[in-house]
Amino acid sequence: EQAVAVAGGIIGGILLFVPLGITAYLLWKKFCRLFSYEKLINPVKTTNANAIFQDQANSETQLKSTRSRSVPFIIPPTLHGRDWIHLTNEEQVQEDRDPYTTPHGPRSSFHSLAGAYVVGTINPDLYKFPEDKSETDFPDGNIGRLWFSIEYEQESERLLVSLIKVRKLQPPADSCSPFVKIYLLPDERSYLQSKTKRKTLNPQFDENFVFQVSSKMLLQRTLKFLVYHVDKQKKHHLLGQVIFPLKNETLTEDNKLVIWRDLEKENLEPPSEHGDIQFSLSYNDYLGRLTVVVLRARGLKLQEESPAVGVYVKVSLMNHNKFIKNKKTATLLGTPNPVYNETFSFKVDQTELDTASLSLSVLQTNKGEKTLLLGQVVVGPFMYTRGKELEHWNEMISKPKELVKRWHALCHST
């Protein structure tokens, strides 16, 4: 009976441990599969990279213990058949290492291909900002460039102007001590002035100025910057000016505009009897478009100096003394020196340039009263004009697609 009991115990133990052994064997086999990886069925076709794939064949076997079978290492389809011509041993793609998961073994051959980017890496060429050439590209004949910023506080009705810097000044002497006067036109009697910077052609100002102006009148105003040089005798010499109308800008407290403009030489000649007007002409022979940019007028003889008096410019296209079309600028109030900076375009065939002409009329208007003509100028071919007006027209034709800017005296002839 004891022998039977012992034999039964041995048989029961065997029956108990056999399933446990089988289970342990299956778990061990599954554990081994988790740390193996599946080799590529279709290797990448390369030409010059074959040597590198052969050199690293042995190193790839070292990664089998860490690669997951469920996530095989596969080359993206877009890279199949890529011809890696400029491949060298020194050209490798930099990849980020995770100290917790990345094995301390050689990289795979795919990471050594020059010019290839692993998924998740950044190509720095795609994130380059455009180069700021405002301080390097200066056109021929440039006399300086001015930077400033503007913003408007609606609640307090204050215009904030920051004078930032001026570059590449062209003084009459070797040394230069510049300063800037700032006007808010049409008020030319008062201005704000910067500090004087000693002995520099590239002054850095970083000064703030405040003008009080209502929101209703803001778009009627124009900023004027005059850059002066002070010589040893304390005399002031005007180096250039910048005229900046506010009507084309959206000024808010959340929108601080930083702007740069090239300096212009001021017209030092006294205004003509009825005033002067400045505008640019351009003709595009490919599109058959005649473009007129009405810039500003000065020295106008207003019939009545009142804030309610408005001044505008009417541009008329004529052909054989026949009216074709006219366009008008905005009306600016209460100033004999309005600044417009408005562009108009007319359809004119190239064959019509010998018979077409432009008439620019400066008109004064007042509420409930008749419109008055303050002055007029006509530019066109030899059939209609002479002198500066003819020269302006011919220069426009000789320089297609280029804006040609000039001042013209107004007259009352019709």
# chains A, B, ... in the order shown; residues from 1 in each chain; ligands from 1
>>> residues_around(residues="Val227 (chain A)", least_positions_apart="5", cutoff="6 Å", atoms="only C-alpha atoms", output="list in words")
Phe179, Val180, Leu239 and Gly240 of chain A
>>> closest_residue(among="A:Lys314, A:Lys401, A:Lys234, A:Lys328", to="Val377 (chain A)", atoms="only C-alpha atoms")
A:Lys314
>>> residues_around(residues="Leu226 (chain A)", least_positions_apart="4", cutoff="12 Å", atoms="only C-alpha atoms", output="PyMOL selection string")
chain A and resi 144-146+163+166+178-184+188+191-194+236-244+262-266
>>> write_last_selection(atoms="C-alpha atoms", output="PDB file, in the first residue's frame")
ATOM      1  CA  GLY A 144      19.616 108.870 -46.570  1.00  0.00           C
ATOM      2  CA  ARG A 145      16.918 106.627 -45.101  1.00  0.00           C
ATOM      3  CA  LEU A 146      14.721 107.239 -42.053  1.00  0.00           C
ATOM      4  CA  LEU A 163      11.791 108.409 -34.274  1.00  0.00           C
ATOM      5  CA  VAL A 166      18.573 107.530 -39.896  1.00  0.00           C
ATOM      6  CA  PRO A 178      22.055 115.703 -37.483  1.00  0.00           C
ATOM      7  CA  PHE A 179      18.702 116.326 -35.829  1.00  0.00           C
ATOM      8  CA  VAL A 180      15.083 115.947 -36.995  1.00  0.00           C
ATOM      9  CA  LYS A 181      12.053 118.240 -36.933  1.00  0.00           C
ATOM     10  CA  ILE A 182       8.633 116.571 -37.033  1.00  0.00           C
ATOM     11  CA  TYR A 183       5.501 118.366 -38.283  1.00  0.00           C
ATOM     12  CA  LEU A 184       1.895 117.239 -38.364  1.00  0.00           C
ATOM     13  CA  GLU A 188       3.449 124.138 -40.299  1.00  0.00           C
ATOM     14  CA  TYR A 191       6.857 121.141 -34.668  1.00  0.00           C
ATOM     15  CA  LEU A 192       8.650 118.734 -32.340  1.00  0.00           C
ATOM     16  CA  GLN A 193      12.424 118.357 -32.471  1.00  0.00           C
ATOM     17  CA  SER A 194      14.815 115.529 -31.655  1.00  0.00           C
ATOM     18  CA  HIS A 236      21.199 124.520 -40.009  1.00  0.00           C
ATOM     19  CA  HIS A 237      21.402 122.792 -43.392  1.00  0.00           C
ATOM     20  CA  LEU A 238      18.474 120.731 -44.641  1.00  0.00           C
ATOM     21  CA  LEU A 239      19.664 117.264 -45.741  1.00  0.00           C
ATOM     22  CA  GLY A 240      16.306 115.796 -46.791  1.00  0.00           C
ATOM     23  CA  GLN A 241      12.675 115.246 -45.911  1.00  0.00           C
ATOM     24  CA  VAL A 242      10.071 112.488 -45.633  1.00  0.00           C
ATOM     25  CA  ILE A 243       6.369 113.119 -46.287  1.00  0.00           C
ATOM     26  CA  PHE A 244       4.005 110.467 -44.889  1.00  0.00           C
ATOM     27  CA  ASP A 262      14.126 107.333 -48.267  1.00  0.00           C
ATOM     28  CA  LEU A 263      14.857 111.018 -47.810  1.00  0.00           C
ATOM     29  CA  GLU A 264      13.872 113.387 -50.600  1.00  0.00           C
ATOM     30  CA  LYS A 265      15.376 116.721 -51.461  1.00  0.00           C
ATOM     31  CA  GLU A 266      13.039 119.591 -50.731  1.00  0.00           C
TER      32      GLU A 266
END
>>> closest_residue(among="A:Asn142, A:Thr335, A:Thr385, A:Gln2", to="Arg221 (chain A)", atoms="only C-alpha atoms")
A:Thr335
>>> atom_distance(atom1="CA of Glu352 (chain A)", atom2="CA of Pro381 (chain A)")
10.3 Å
>>> atom_distance(atom1="CA of Val339 (chain A)", atom2="CA of Arg189 (chain A)")
17.0 Å
>>> atom_distance(atom1="CA of Gln233 (chain A)", atom2="CA of Leu201 (chain A)")
18.8 Å
